[in-house]
file protein_12.cif (mmCIF, C-alpha atoms)
data_run
loop_
_atom_site.label_atom_id
_atom_site.label_comp_id
_atom_site.auth_asym_id
_atom_site.auth_seq_id
_atom_site.Cartn_x
_atom_site.Cartn_y
_atom_site.Cartn_z
CA MET A 28 108.58 122.60 90.75
CA PRO A 29 110.14 125.60 88.97
CA ALA A 30 108.15 127.48 86.35
CA PRO A 31 108.17 125.56 83.07
CA ASN A 32 109.22 127.21 79.83
CA LEU A 33 105.87 127.14 78.05
CA PRO A 34 104.87 129.04 74.90
CA ALA A 35 103.11 132.35 75.52
CA THR A 36 100.53 131.41 72.89
CA MET A 37 99.47 128.12 74.49
CA HIS A 38 95.77 127.55 75.05
CA THR A 39 94.58 127.26 78.63
CA PRO A 40 93.45 125.51 80.67
CA ALA A 41 95.91 122.71 79.94
CA TYR A 42 97.35 119.75 81.77
CA VAL A 43 101.04 119.58 80.89
CA LEU A 44 103.13 116.45 81.45
CA ASP A 45 106.82 117.21 82.03
CA GLU A 46 108.66 114.46 80.18
CA ALA A 47 111.98 115.06 81.97
CA SER A 48 110.36 114.76 85.41
CA LEU A 49 108.55 111.59 84.42
CA LYS A 50 111.86 110.07 83.32
CA ARG A 51 113.42 110.91 86.68
CA ASN A 52 110.50 109.27 88.46
CA LEU A 53 110.84 106.17 86.34
CA GLU A 54 114.49 105.92 87.38
CA THR A 55 113.25 105.45 90.96
CA ALA A 56 111.03 102.56 89.85
CA ALA A 57 113.91 101.09 87.84
CA ARG A 58 116.18 101.14 90.89
CA LEU A 59 113.50 99.53 93.03
CA LYS A 60 113.10 96.73 90.49
CA ARG A 61 116.83 96.29 90.02
CA GLU A 62 117.62 95.96 93.73
CA THR A 63 114.64 93.83 94.77
CA GLY A 64 113.53 91.85 91.70
CA ILE A 65 109.91 92.92 92.13
CA LYS A 66 107.40 93.90 89.46
CA VAL A 67 106.06 97.46 89.25
CA LEU A 68 102.70 98.19 87.62
CA LEU A 69 101.07 101.50 86.69
CA ALA A 70 97.72 101.95 88.44
CA THR A 71 95.72 103.64 85.70
CA LYS A 72 93.02 104.73 88.15
CA ALA A 73 95.45 107.45 89.27
CA TRP A 74 96.98 108.45 85.94
CA ALA A 75 96.71 107.29 82.35
CA MET A 76 98.14 109.14 79.37
CA PRO A 77 98.61 106.72 76.47
CA ALA A 78 100.91 109.19 74.71
CA ALA A 79 103.43 108.60 77.53
CA PHE A 80 103.06 104.82 77.64
CA PRO A 81 105.90 104.14 75.16
CA LEU A 82 108.29 105.90 77.55
CA MET A 83 106.94 104.07 80.62
CA ARG A 84 106.94 100.69 78.90
CA GLU A 85 110.73 100.58 79.09
CA THR A 86 110.58 100.36 82.90
CA ILE A 87 107.07 99.45 84.05
CA ASP A 88 105.90 95.83 83.81
CA GLY A 89 102.29 96.54 82.94
CA THR A 90 99.11 98.14 84.22
CA THR A 91 96.58 97.49 86.93
CA ALA A 92 92.95 98.44 86.42
CA SER A 93 89.87 99.08 88.51
CA GLY A 94 87.44 97.77 85.92
CA GLU A 95 86.89 96.58 82.40
CA TYR A 96 87.57 99.81 80.52
CA GLU A 97 90.84 100.52 82.31
CA ALA A 98 91.90 96.92 81.70
CA ARG A 99 91.12 97.28 78.02
CA LEU A 100 93.12 100.51 77.90
CA GLY A 101 96.08 98.73 79.44
CA ARG A 102 95.84 95.85 76.98
CA GLU A 103 95.42 98.01 73.88
CA GLU A 104 97.70 100.93 74.73
CA PHE A 105 100.36 99.70 77.18
CA GLY A 106 100.68 96.18 75.89
CA LYS A 107 102.31 94.34 78.78
CA GLU A 108 100.80 92.58 81.81
CA VAL A 109 97.25 93.59 82.71
CA HIS A 110 95.93 93.15 86.25
CA VAL A 111 92.39 94.06 87.27
CA TYR A 112 90.49 94.35 90.55
CA ALA A 113 86.99 95.56 91.40
CA PRO A 114 84.92 95.32 94.62
CA ALA A 115 82.38 93.39 92.53
CA TYR A 116 81.92 92.47 88.89
CA GLY A 117 78.74 92.91 86.90
CA PRO A 118 77.03 90.38 84.61
CA GLY A 119 79.37 89.31 81.80
CA GLU A 120 82.25 91.46 83.04
CA VAL A 121 84.54 88.64 84.19
CA GLU A 122 83.83 86.75 80.98
CA ARG A 123 84.98 89.77 78.97
CA LEU A 124 87.93 90.44 81.28
CA ALA A 125 89.08 86.86 80.79
CA GLY A 126 89.86 87.87 77.22
CA ILE A 127 91.67 91.05 78.27
CA ALA A 128 93.46 90.71 81.61
CA ASP A 129 96.22 88.32 82.66
CA HIS A 130 95.41 88.52 86.38
CA ILE A 131 91.92 88.95 87.84
CA TYR A 132 91.52 89.83 91.53
CA PHE A 133 88.40 89.17 93.58
CA ASN A 134 87.22 91.05 96.64
CA SER A 135 85.38 88.39 98.64
CA PRO A 136 84.90 84.64 99.06
CA GLY A 137 81.57 84.98 97.25
CA GLN A 138 83.01 86.71 94.20
CA LEU A 139 85.89 84.22 94.06
CA ALA A 140 83.57 81.21 94.22
CA LYS A 141 81.30 82.70 91.57
CA TYR A 142 84.00 83.51 89.01
CA ILE A 143 87.13 81.43 89.66
CA GLY A 144 86.02 78.77 87.20
CA THR A 145 85.62 81.31 84.41
CA ALA A 146 89.01 82.89 85.08
CA LYS A 147 90.87 79.59 85.41
CA ALA A 148 89.23 78.12 82.29
CA ALA A 149 90.61 81.08 80.32
CA GLY A 150 94.09 80.47 81.72
CA ARG A 151 94.08 83.61 83.86
CA LYS A 152 95.80 83.94 87.21
CA VAL A 153 93.48 84.57 90.12
CA GLY A 154 94.03 86.91 93.05
CA VAL A 155 92.16 87.71 96.24
CA ARG A 156 92.26 91.11 97.87
CA VAL A 157 92.53 90.95 101.64
CA ASN A 158 91.77 93.73 104.08
CA PRO A 159 94.99 93.66 106.12
CA GLY A 160 93.58 95.83 108.89
CA TYR A 161 96.52 98.19 108.61
CA SER A 162 95.62 101.88 108.68
CA MET A 163 98.05 104.76 108.24
CA ALA A 164 97.12 108.41 108.78
CA THR A 165 96.64 109.50 105.18
CA LEU A 166 95.74 112.61 103.27
CA GLY A 167 91.96 112.76 103.45
CA GLY A 168 91.67 110.46 106.48
CA ALA A 169 89.04 107.73 106.31
CA LEU A 170 87.91 108.89 102.86
CA TYR A 171 91.13 107.44 101.42
CA ASP A 172 91.78 104.64 103.91
CA PRO A 173 90.96 101.20 102.43
CA CYS A 174 91.09 99.71 105.93
CA ALA A 175 88.76 102.22 107.58
CA ALA A 176 85.98 100.80 109.75
CA GLY A 177 83.31 99.19 107.61
CA SER A 178 85.41 99.32 104.43
CA ARG A 179 84.02 97.40 101.47
CA PHE A 180 87.54 96.60 100.24
CA GLY A 181 89.02 93.17 100.74
CA THR A 182 88.44 89.97 102.68
CA THR A 183 89.14 90.34 106.39
CA LYS A 184 91.49 88.01 108.21
CA GLN A 185 88.50 86.35 109.88
CA GLU A 186 86.86 85.69 106.50
CA CYS A 187 90.10 84.36 104.95
CA ALA A 188 89.20 80.92 106.32
CA ARG A 189 86.49 80.75 103.64
CA ILE A 190 89.08 81.05 100.85
CA ALA A 191 90.55 77.95 99.21
CA TRP A 192 94.03 79.49 99.09
CA GLY A 193 95.50 76.52 97.27
CA GLU A 194 93.53 77.61 94.21
CA VAL A 195 94.62 81.26 94.46
CA ASP A 196 97.71 82.64 92.71
CA ILE A 197 98.05 86.10 94.27
CA LEU A 198 97.34 87.66 97.64
CA HIS A 199 96.60 91.36 97.22
CA ALA A 200 96.91 93.77 100.16
CA HIS A 201 96.32 97.44 99.39
CA ALA A 202 96.13 99.77 102.40
CA LEU A 203 98.10 102.95 101.64
CA CYS A 204 97.57 106.46 100.30
CA GLU A 205 100.49 108.82 99.67
CA ALA A 206 102.53 106.82 102.18
CA ARG A 207 106.12 107.53 103.11
CA GLU A 208 108.60 104.70 103.60
CA GLU A 209 107.37 103.91 107.11
CA GLY A 210 103.91 103.22 105.69
CA SER A 211 105.26 100.99 102.92
CA THR A 212 107.55 99.00 105.19
CA GLY A 213 104.93 98.83 107.92
CA LEU A 214 102.40 97.27 105.56
CA ILE A 215 104.91 94.68 104.33
CA GLN A 216 105.84 93.68 107.89
CA HIS A 217 102.19 93.63 109.00
CA VAL A 218 101.16 91.33 106.15
CA ALA A 219 104.14 89.04 106.78
CA GLU A 220 103.19 88.70 110.46
CA ASN A 221 99.43 88.32 110.04
CA PHE A 222 98.97 86.47 106.73
CA ALA A 223 101.94 84.06 106.70
CA ASP A 224 99.75 80.98 106.33
CA GLU A 225 97.97 82.45 103.32
CA ILE A 226 101.20 83.71 101.72
CA ARG A 227 102.76 80.24 101.85
CA GLN A 228 99.95 78.92 99.67
CA VAL A 229 100.16 81.51 96.87
CA LYS A 230 102.73 82.33 94.21
CA ALA A 231 102.75 86.12 94.48
CA VAL A 232 101.91 88.99 96.84
CA ASN A 233 100.75 92.36 95.57
CA PHE A 234 101.20 95.21 98.06
CA GLY A 235 98.99 97.55 96.02
CA GLY A 236 99.50 101.26 95.56
CA GLY A 237 99.91 104.32 97.73
CA HIS A 238 103.69 103.91 97.90
CA PHE A 239 104.71 107.53 97.23
CA ILE A 240 108.19 106.55 96.10
CA ASN A 241 108.92 109.82 94.29
CA ARG A 242 107.69 112.13 97.02
CA PRO A 243 110.48 114.52 98.10
CA GLY A 244 112.19 113.04 101.14
CA TYR A 245 110.98 109.46 100.55
CA ASN A 246 113.82 107.16 101.64
CA LEU A 247 113.88 104.19 99.30
CA GLU A 248 116.42 102.18 101.32
CA PRO A 249 114.01 100.90 104.02
CA LEU A 250 111.52 99.82 101.36
CA ILE A 251 114.24 97.99 99.42
CA MET A 252 115.37 96.16 102.57
CA ALA A 253 111.79 95.27 103.56
CA LEU A 254 111.07 93.85 100.11
CA GLN A 255 114.30 91.87 100.05
CA GLU A 256 113.57 90.42 103.49
CA PHE A 257 110.00 89.54 102.54
CA LYS A 258 111.12 87.73 99.40
CA ARG A 259 113.76 85.78 101.34
CA ALA A 260 111.20 84.76 103.96
CA PHE A 261 108.46 83.58 101.59
CA ASP A 262 110.08 82.98 98.18
CA VAL A 263 107.16 84.52 96.26
CA GLU A 264 106.92 87.06 93.47
CA VAL A 265 106.22 90.56 94.79
CA ILE A 266 104.29 93.31 93.02
CA LEU A 267 103.78 97.00 93.70
CA GLU A 268 101.25 99.05 91.75
CA PRO A 269 101.85 102.78 92.28
CA GLY A 270 99.88 105.24 90.21
CA ALA A 271 100.33 108.69 91.70
CA GLY A 272 103.70 107.57 93.05
CA LEU A 273 105.05 107.38 89.49
CA VAL A 274 103.93 110.87 88.49
CA VAL A 275 104.64 112.93 91.61
CA ASN A 276 105.58 116.48 90.51
CA ALA A 277 105.61 115.38 86.89
CA GLY A 278 103.37 118.08 85.46
CA TRP A 279 101.15 121.10 85.83
CA LEU A 280 97.69 122.51 85.26
CA VAL A 281 98.06 125.89 83.57
CA ALA A 282 95.23 128.41 83.93
CA THR A 283 94.50 132.03 83.02
CA VAL A 284 92.90 134.80 85.09
CA LEU A 285 89.59 135.74 83.41
CA ASP A 286 88.36 138.45 85.78
CA LEU A 287 89.07 140.17 89.08
CA HIS A 288 86.24 140.57 91.55
CA TRP A 289 85.77 141.95 95.06
CA ASN A 290 83.46 140.80 97.86
CA GLU A 291 85.10 141.50 101.22
CA LYS A 292 88.26 140.03 99.66
CA ASP A 293 90.02 140.24 96.32
CA ILE A 294 88.86 137.37 94.12
CA ALA A 295 90.37 136.10 90.88
CA ILE A 296 88.19 134.00 88.58
CA LEU A 297 90.10 131.49 86.45
CA ASP A 298 89.39 129.51 83.32
CA THR A 299 89.94 126.36 85.35
CA SER A 300 87.95 124.96 88.24
CA ALA A 301 88.36 122.94 91.42
CA SER A 302 85.00 121.30 90.81
CA THR A 303 85.69 120.17 87.26
CA HIS A 304 89.46 120.02 86.79
CA MET A 305 90.92 119.50 90.30
CA PRO A 306 88.22 117.50 92.15
CA ASP A 307 90.57 116.33 94.91
CA VAL A 308 90.94 119.98 95.99
CA LEU A 309 87.36 119.70 97.23
CA GLU A 310 87.22 116.00 98.05
CA VAL A 311 90.37 115.61 100.15
CA PRO A 312 90.46 118.64 100.61
CA TYR A 313 93.82 120.29 99.98
CA THR A 314 95.26 123.50 98.54
CA PRO A 315 97.51 122.94 95.52
CA VAL A 316 100.81 124.77 95.11
CA ILE A 317 101.08 127.55 92.52
CA VAL A 318 104.44 128.52 91.06
CA GLY A 319 105.47 131.90 92.51
CA ALA A 320 102.58 132.10 95.01
CA LYS A 321 102.60 131.67 98.78
CA LYS A 322 100.14 131.32 101.64
CA PRO A 323 97.73 134.23 102.21
CA GLY A 324 99.42 137.26 103.72
CA GLU A 325 102.98 136.14 103.09
CA LEU A 326 103.30 138.26 99.94
CA ALA A 327 101.90 141.71 99.23
CA HIS A 328 98.66 140.80 97.45
CA THR A 329 96.24 138.09 98.58
CA TYR A 330 93.47 136.64 96.43
CA VAL A 331 90.81 133.96 96.66
CA LEU A 332 91.03 131.89 93.47
CA GLY A 333 87.74 130.59 92.15
CA GLY A 334 86.56 128.59 89.16
CA LYS A 335 84.26 129.72 86.41
CA THR A 336 81.39 127.35 87.27
CA CYS A 337 78.23 128.49 89.04
CA MET A 338 78.83 126.24 92.05
CA THR A 339 79.34 128.41 95.13
CA GLY A 340 81.96 126.09 96.58
CA ASP A 341 84.11 126.06 93.46
CA VAL A 342 87.02 127.71 95.27
CA ILE A 343 90.57 126.53 94.72
CA GLY A 344 92.06 128.35 97.70
CA GLU A 345 93.56 131.59 98.98
CA TYR A 346 97.04 132.66 97.86
CA SER A 347 99.33 135.67 97.99
CA PHE A 348 101.40 137.09 95.13
CA ALA A 349 104.25 139.59 94.95
CA GLU A 350 102.43 141.61 92.26
CA ARG A 351 98.76 142.37 91.70
CA LEU A 352 97.07 139.86 89.43
CA LYS A 353 95.86 141.09 86.06
CA VAL A 354 93.32 139.68 83.64
CA GLY A 355 95.28 137.44 81.31
CA ASP A 356 97.89 136.41 83.87
CA ARG A 357 98.86 132.76 83.72
CA LEU A 358 98.88 130.63 86.88
CA ILE A 359 100.67 127.28 87.05
CA PHE A 360 99.43 124.65 89.53
CA THR A 361 102.07 122.03 90.35
CA ASP A 362 101.82 118.25 90.82
CA MET A 363 98.75 117.98 88.60
CA MET A 364 99.19 114.63 86.91
CA GLN A 365 97.79 112.39 89.68
CA TYR A 366 93.99 112.01 89.89
CA SER A 367 93.37 115.14 87.82
CA PHE A 368 92.30 114.46 84.25
CA VAL A 369 91.23 110.89 85.08
CA LYS A 370 88.52 112.41 87.33
CA ASN A 371 87.58 115.63 85.56
CA THR A 372 84.11 116.56 84.32
CA THR A 373 82.33 118.98 81.99
CA PHE A 374 80.00 120.31 84.70
CA ASN A 375 78.31 123.56 83.56
CA GLY A 376 79.66 122.88 80.09
CA THR A 377 83.11 123.85 81.35
CA PRO A 378 85.58 122.85 78.63
CA LEU A 379 88.04 120.13 79.51
CA PRO A 380 91.68 121.27 79.57
CA ASP A 381 94.05 120.36 76.76
CA LEU A 382 96.25 117.33 77.34
CA SER A 383 99.83 118.18 76.45
CA ILE A 384 103.46 117.22 76.96
CA LEU A 385 106.50 119.41 77.50
CA ARG A 386 109.14 117.26 75.83
CA GLU A 387 112.61 116.90 77.24
CA ASN A 388 113.98 118.97 74.34
CA GLY A 389 111.68 121.89 75.22
CA THR A 390 109.06 121.23 72.54
CA TYR A 391 105.44 121.78 73.65
CA GLU A 392 103.08 119.21 72.15
CA VAL A 393 99.28 119.24 72.44
CA ILE A 394 98.05 115.65 72.54
CA ARG A 395 94.33 116.40 72.62
CA SER A 396 92.01 119.41 72.72
CA TYR A 397 88.34 119.24 73.68
CA GLY A 398 85.41 121.33 72.56
CA TYR A 399 81.63 121.33 72.62
CA GLU A 400 81.55 117.89 71.01
CA GLU A 401 82.99 116.24 74.14
CA PHE A 402 80.44 117.97 76.38
CA ARG A 403 77.61 116.95 74.07
CA ARG A 404 78.86 113.36 73.70
CA ARG A 405 78.74 112.80 77.47
CA LEU A 406 75.07 113.79 77.58
CA GLY A 407 73.96 111.04 75.24
#
call {"tool": "encode", "arguments": {"input": "protein_12.cif", "output": "C-alpha cells"}}
result
Amino acid sequence: MPAPNLPATMHTPAYVLDEASLKRNLETAARLKRETGIKVLLATKAWAMPAAFPLMRETIDGTTASGEYEARLGREEFGKEVHVYAPAYGPGEVERLAGIADHIYFNSPGQLAKYIGTAKAAGRKVGVRVNPGYSMATLGGALYDPCAAGSRFGTTKQECARIAWGEVDILHAHALCEAREEGSTGLIQHVAENFADEIRQVKAVNFGGGHFINRPGYNLEPLIMALQEFKRAFDVEVILEPGAGLVVNAGWLVATVLDLHWNEKDIAILDTSASTHMPDVLEVPYTPVIVGAKKPGELAHTYVLGGKTCMTGDVIGEYSFAERLKVGDRLIFTDMMQYSFVKNTTFNGTPLPDLSILRENGTYEVIRSYGYEEFRRRLG
C-alpha cells in the first residue's frame, strides 16, 4: 500500500482503517454474491470495528462469531444474520445464544445431542462443523490448519455416522487460512466428493473462512465457477465467512521511533510492539511490510525494530531504509486490520493503539483512544 496522507499531529501508535480500500474489498464480495447467489458473512474473530459496520452492512449478509460475546456484538452492532460456532459451549451459553444468534453450529455429535433441543425450541437453525480432512499449506503451518493431525475442530467423516443429518440445517466445513483460489476451489470439490450424502440431507453448506479473496493476484473466476457448479449439483444455500479476506490491505498500524540503540546492530525502539499490538508477528511468525522500507541490506541503513516492552523476544523484524532513522520518525506497517486489534493486549502496561479511520474524503477520524483506565480495567 502507498503511504497514507495522515496528519502530522496524529497520536501514535494507531490502527488506521482506510475507508476507500475497504470499499474496494467489499466490491469483490458484492461481485461474488451477484454471480453465485451465495451469502457472505464477516468473521468477527479476524476483524471487528463497529464504526465500519454501517458501510459493510450494505454488502455483507451478517456476522459469524466464535462465542457468545462476538455473537452479541454482531446482533447489537451489525444487525443482520448472526451465526456462531465454538468447539464446545459452557453451561448456559447455548441458552443465551438461542436469544442472540440465528444459526448455532456444533462441533461434535455429543455437543449436538446435548443442545439441539434447546436451539430448535428457540427456532434457531442448527449446524454441524465437519473436519473435511483437507489440508492446504498455509501461513503458519499446522498452527493455523484446522485439519492438522489431532485437530479438535469438527466431526470427522468416520464420526459423521453418529449425526442425525435429517435434523441438521447446515453442514459447516472450514479448512483454509489465507488460501488462494486453488485452496478455495479445492475445498469445495473435496467436500462435494466426500460429503455428498450429508449435503443432500441439509439445507445449506458453509465453507467457512480463509478465502483470501482480496489478496493481490487472487483469481475470483475459478471460485465463482466452483460455487456455481456446487449449487447446481446440490441445490443448497451456500455461505462463505471471510474475515481477514474482507480487510486485506485495508489499513495500517502507525508507530513512532522512540529511541535508537546499538548492540552489534543498529536497533530502533518503537512505541508499538510485536508482543502486544502485532501478536501474529511472533505467533505465525512473519515480518510485516513497512511503507518505504525493504529487506535488510537492500537499502543503505539496516535496523532491528523492537517494541517497548521488557520481553526479550519483542522484535518486529529487521529492515533497511534509504535514510538513517531519527527519534520521532513515523513508521507505517501495512495490512494491519486482520487479527491485530482483536488480539492485542496491555502487557507491561503498554497502551493500546488508537482506533481510527482515514475517510474516503481524506478526513482522519479517531474512533477510540485508550489510557490507563483500560489497562486497570483488565486487571479487575
call {"tool": "residues_around", "arguments": {"input": "protein_12.cif", "residues": "Arg99 in chain A", "least_positions_apart": "4", "cutoff": "12 Å", "atoms": "only C-alpha atoms", "output": "list in words"}}
result
Thr71, Thr90, Thr91, Ala92, Ser93, Gly94, Glu95, Glu103, Glu104, Phe105, Gly106, Lys107, Glu108, Val109, His110, Val111, Glu120, Arg123, Leu124, Ala125, Gly126, Ile127, Ala128 and Asp129 of chain A
call {"tool": "resolve_selection", "arguments": {"input": "protein_12.cif", "expression": "the PyMOL selection byres ((chain A and resi 337) around 12)", "output": "short mmCIF file (atom, residue, chain, number, x, y, z; two decimals) with C-alpha atoms, keeping the file's coordinate frame"}}
result
data_model
loop_
_atom_site.label_atom_id
_atom_site.label_comp_id
_atom_site.auth_asym_id
_atom_site.auth_seq_id
_atom_site.Cartn_x
_atom_site.Cartn_y
_atom_site.Cartn_z
CA ILE A 296 88.19 134.00 88.58
CA SER A 300 87.95 124.96 88.24
CA ALA A 301 88.36 122.94 91.42
CA SER A 302 85.00 121.30 90.81
CA THR A 303 85.69 120.17 87.26
CA GLY A 333 87.74 130.59 92.15
CA GLY A 334 86.56 128.59 89.16
CA LYS A 335 84.26 129.72 86.41
CA THR A 336 81.39 127.35 87.27
CA MET A 338 78.83 126.24 92.05
CA THR A 339 79.34 128.41 95.13
CA GLY A 340 81.96 126.09 96.58
CA ASP A 341 84.11 126.06 93.46
CA VAL A 342 87.02 127.71 95.27
CA PHE A 374 80.00 120.31 84.70
CA ASN A 375 78.31 123.56 83.56
CA GLY A 376 79.66 122.88 80.09
CA THR A 377 83.11 123.85 81.35
#
call {"tool": "closest_residue", "arguments": {"input": "protein_12.cif", "among": "A:Leu326, A:Val263, A:Leu297, A:Ile394", "to": "Ile65 in chain A", "atoms": "all atoms listed in the file"}}
result
A:Val263
call {"tool": "axis_aligned_box", "arguments": {"input": "protein_12.cif", "around": "range 394-407 of chain A", "padding_each_side": "3 Å", "output": "AutoDock Vina command-line options"}}
result
--center_x 86.0 --center_y 116.2 --center_z 74.3 --size_x 30.1 --size_y 16.3 --size_z 12.6
call {"tool": "residues_around", "arguments": {"input": "protein_12.cif", "residues": "range 134-142 of chain A", "least_positions_apart": "5", "cutoff": "7 Å", "atoms": "all atoms listed in the file", "output": "ChimeraX atom specification"}}
result
/A:113-115,155-156,180-182,189-190
call {"tool": "resolve_selection", "arguments": {"input": "protein_12.cif", "expression": "the PyMOL selection byres ((chain A and resi 398) around 12)", "output": "PyMOL selection string"}}
result
chain A and resi 373+376-381+395-397+399-405
call {"tool": "resolve_selection", "arguments": {"input": "protein_12.cif", "expression": "the PyMOL selection byres ((chain A and resi 369) around 12)", "output": "list in words"}}
result
Tyr42, Ala70, Thr71, Lys72, Ala73, Trp74, Ala75, Met76, Glu97, Gly270, Ala271, Thr303, His304, Met305, Pro306, Asp307, Met363, Met364, Gln365, Tyr366, Ser367, Phe368, Lys370, Asn371, Thr372, Leu379, Pro380 and Leu382 of chain A
call {"tool": "atom_distance", "arguments": {"input": "protein_12.cif", "atom1": "CA of Gly237 in chain A", "atom2": "CA of Tyr171 in chain A"}}
result
10.0 Å
call {"tool": "atom_distance", "arguments": {"input": "protein_12.cif", "atom1": "CA of Thr63 in chain A", "atom2": "CA of Val265 in chain A"}}
result
9.0 Å
call {"tool": "closest_residue", "arguments": {"input": "protein_12.cif", "among": "A:Ala56, A:Leu100, A:Tyr112, A:Leu250", "to": "Thr86 in chain A", "atoms": "only C-alpha atoms"}}
result
A:Ala56
call {"tool": "closest_residue", "arguments": {"input": "protein_12.cif", "among": "A:Ala175, A:Leu332, A:Ala327, A:Leu53", "to": "Glu350 in chain A", "atoms": "all atoms listed in the file"}}
result
A:Ala327
